Amino acid sequence: MITGIELIAQERLEQQTKHNRSIADDCIYNTQGQLSVAAGILAQKNIPDSIKETLVPKGWDGPIWDKMINKSYKERLIIAGALIAAEIDRLNAIT
């Protein structure tokens, strides 16, 4: 069985390698809490379909967000964990 932390680490690596999201990019484009806000939204067990499109973090691509927010609860938790790690990486990079 793969543990939660291992799944989150795999997702974080995928964000960086497959989706080309770098810490430097996050330092430029996610300066207003978008990573932690997105993580908080994705970690919700139930997200009403009627409001999903209104929850796109500022400056994020709508279709990519739509793909993330429509994943299963478990998959969203994994992404949320990786986004928290990305926010910590961003904070470490700016201090």
# chains A, B, ... in the order shown; residues from 1 in each chain; ligands from 1

call {"tool": "residues_around", "arguments": {"residues": "Asn70 of chain A", "least_positions_apart": "3", "cutoff": "10 Å", "atoms": "only C-alpha atoms", "output": "list in words"}}
result
Leu42, Ile47, Asp49, Lys52, Trp65, Asp66, Lys67, Tyr73, Glu75 and Arg76 of chain A

call {"tool": "write_last_selection", "arguments": {"atoms": "C-alpha atoms", "output": "CSV table (one decimal), in the first residue's frame"}}
result
chain,number,residue,atom,x,y,z
A,42,LEU,CA,-9.9,20.8,-3.2
A,47,ILE,CA,-18.1,20.7,-3.6
A,49,ASP,CA,-21.4,21.6,-9.0
A,52,LYS,CA,-17.3,25.0,-8.9
A,65,TRP,CA,-8.9,23.9,-12.5
A,66,ASP,CA,-12.1,22.3,-13.8
A,67,LYS,CA,-10.1,19.1,-14.4
A,73,TYR,CA,-12.3,13.2,-3.3
A,75,GLU,CA,-7.4,12.5,-5.8
A,76,ARG,CA,-8.3,16.0,-4.7

call {"tool": "residues_around", "arguments": {"residues": "Trp60 of chain A", "least_positions_apart": "6", "cutoff": "10 Å", "atoms": "only C-alpha atoms", "output": "CSV table (one decimal) with N, CA and C atoms, in the first residue's frame"}}
result
chain,number,residue,atom,x,y,z
A,29,TYR,N,3.7,33.8,-9.9
A,29,TYR,CA,2.2,33.8,-10.3
A,29,TYR,C,1.3,33.4,-9.1
A,30,ASN,N,1.8,33.0,-8.0
A,30,ASN,CA,0.9,32.6,-6.9
A,30,ASN,C,1.3,33.3,-5.6
A,34,GLN,N,-2.9,31.7,-3.7
A,34,GLN,CA,-3.7,30.8,-4.6
A,34,GLN,C,-3.4,29.4,-4.3
A,38,ALA,N,-6.5,27.1,-3.2
A,38,ALA,CA,-6.8,25.9,-4.0
A,38,ALA,C,-6.8,24.6,-3.2

call {"tool": "residues_around", "arguments": {"residues": "Ile23 of chain A", "least_positions_apart": "2", "cutoff": "6 Å", "atoms": "only C-alpha atoms", "output": "compact mmCIF listing (two decimals) with all heavy atoms, in the first residue's frame"}}
result
# COMPACT_ATOMS: atom_id res chain seq x y z
N ASP A 25 8.15 29.81 -10.80
CA ASP A 25 6.85 30.23 -11.34
C ASP A 25 5.87 30.56 -10.22
O ASP A 25 5.14 31.54 -10.29
CB ASP A 25 6.25 29.13 -12.22
CG ASP A 25 6.92 28.99 -13.57
OD1 ASP A 25 7.57 29.95 -14.03
OD2 ASP A 25 6.80 27.90 -14.17
N ASP A 26 5.85 29.71 -9.19
CA ASP A 26 4.95 29.95 -8.06
C ASP A 26 5.29 31.26 -7.36
O ASP A 26 4.39 31.97 -6.90
CB ASP A 26 4.96 28.79 -7.08
CG ASP A 26 4.25 27.56 -7.64
OD1 ASP A 26 3.36 27.71 -8.49
OD2 ASP A 26 4.59 26.44 -7.20
N ARG A 90 7.40 27.68 -2.03
CA ARG A 90 7.38 29.08 -2.46
C ARG A 90 7.81 29.99 -1.33
O ARG A 90 8.64 30.89 -1.51
CB ARG A 90 5.98 29.48 -2.96
CG ARG A 90 5.91 30.87 -3.58
CD ARG A 90 4.47 31.29 -3.82
NE ARG A 90 3.79 31.60 -2.57
CZ ARG A 90 3.93 32.74 -1.89
NH1 ARG A 90 4.73 33.70 -2.33
NH2 ARG A 90 3.28 32.93 -0.76

call {"tool": "closest_residue", "arguments": {"among": "A:Ile78, A:Cys27, A:Ile69, A:Val37", "to": "Thr95 of chain A", "atoms": "only C-alpha atoms"}}
result
A:Cys27
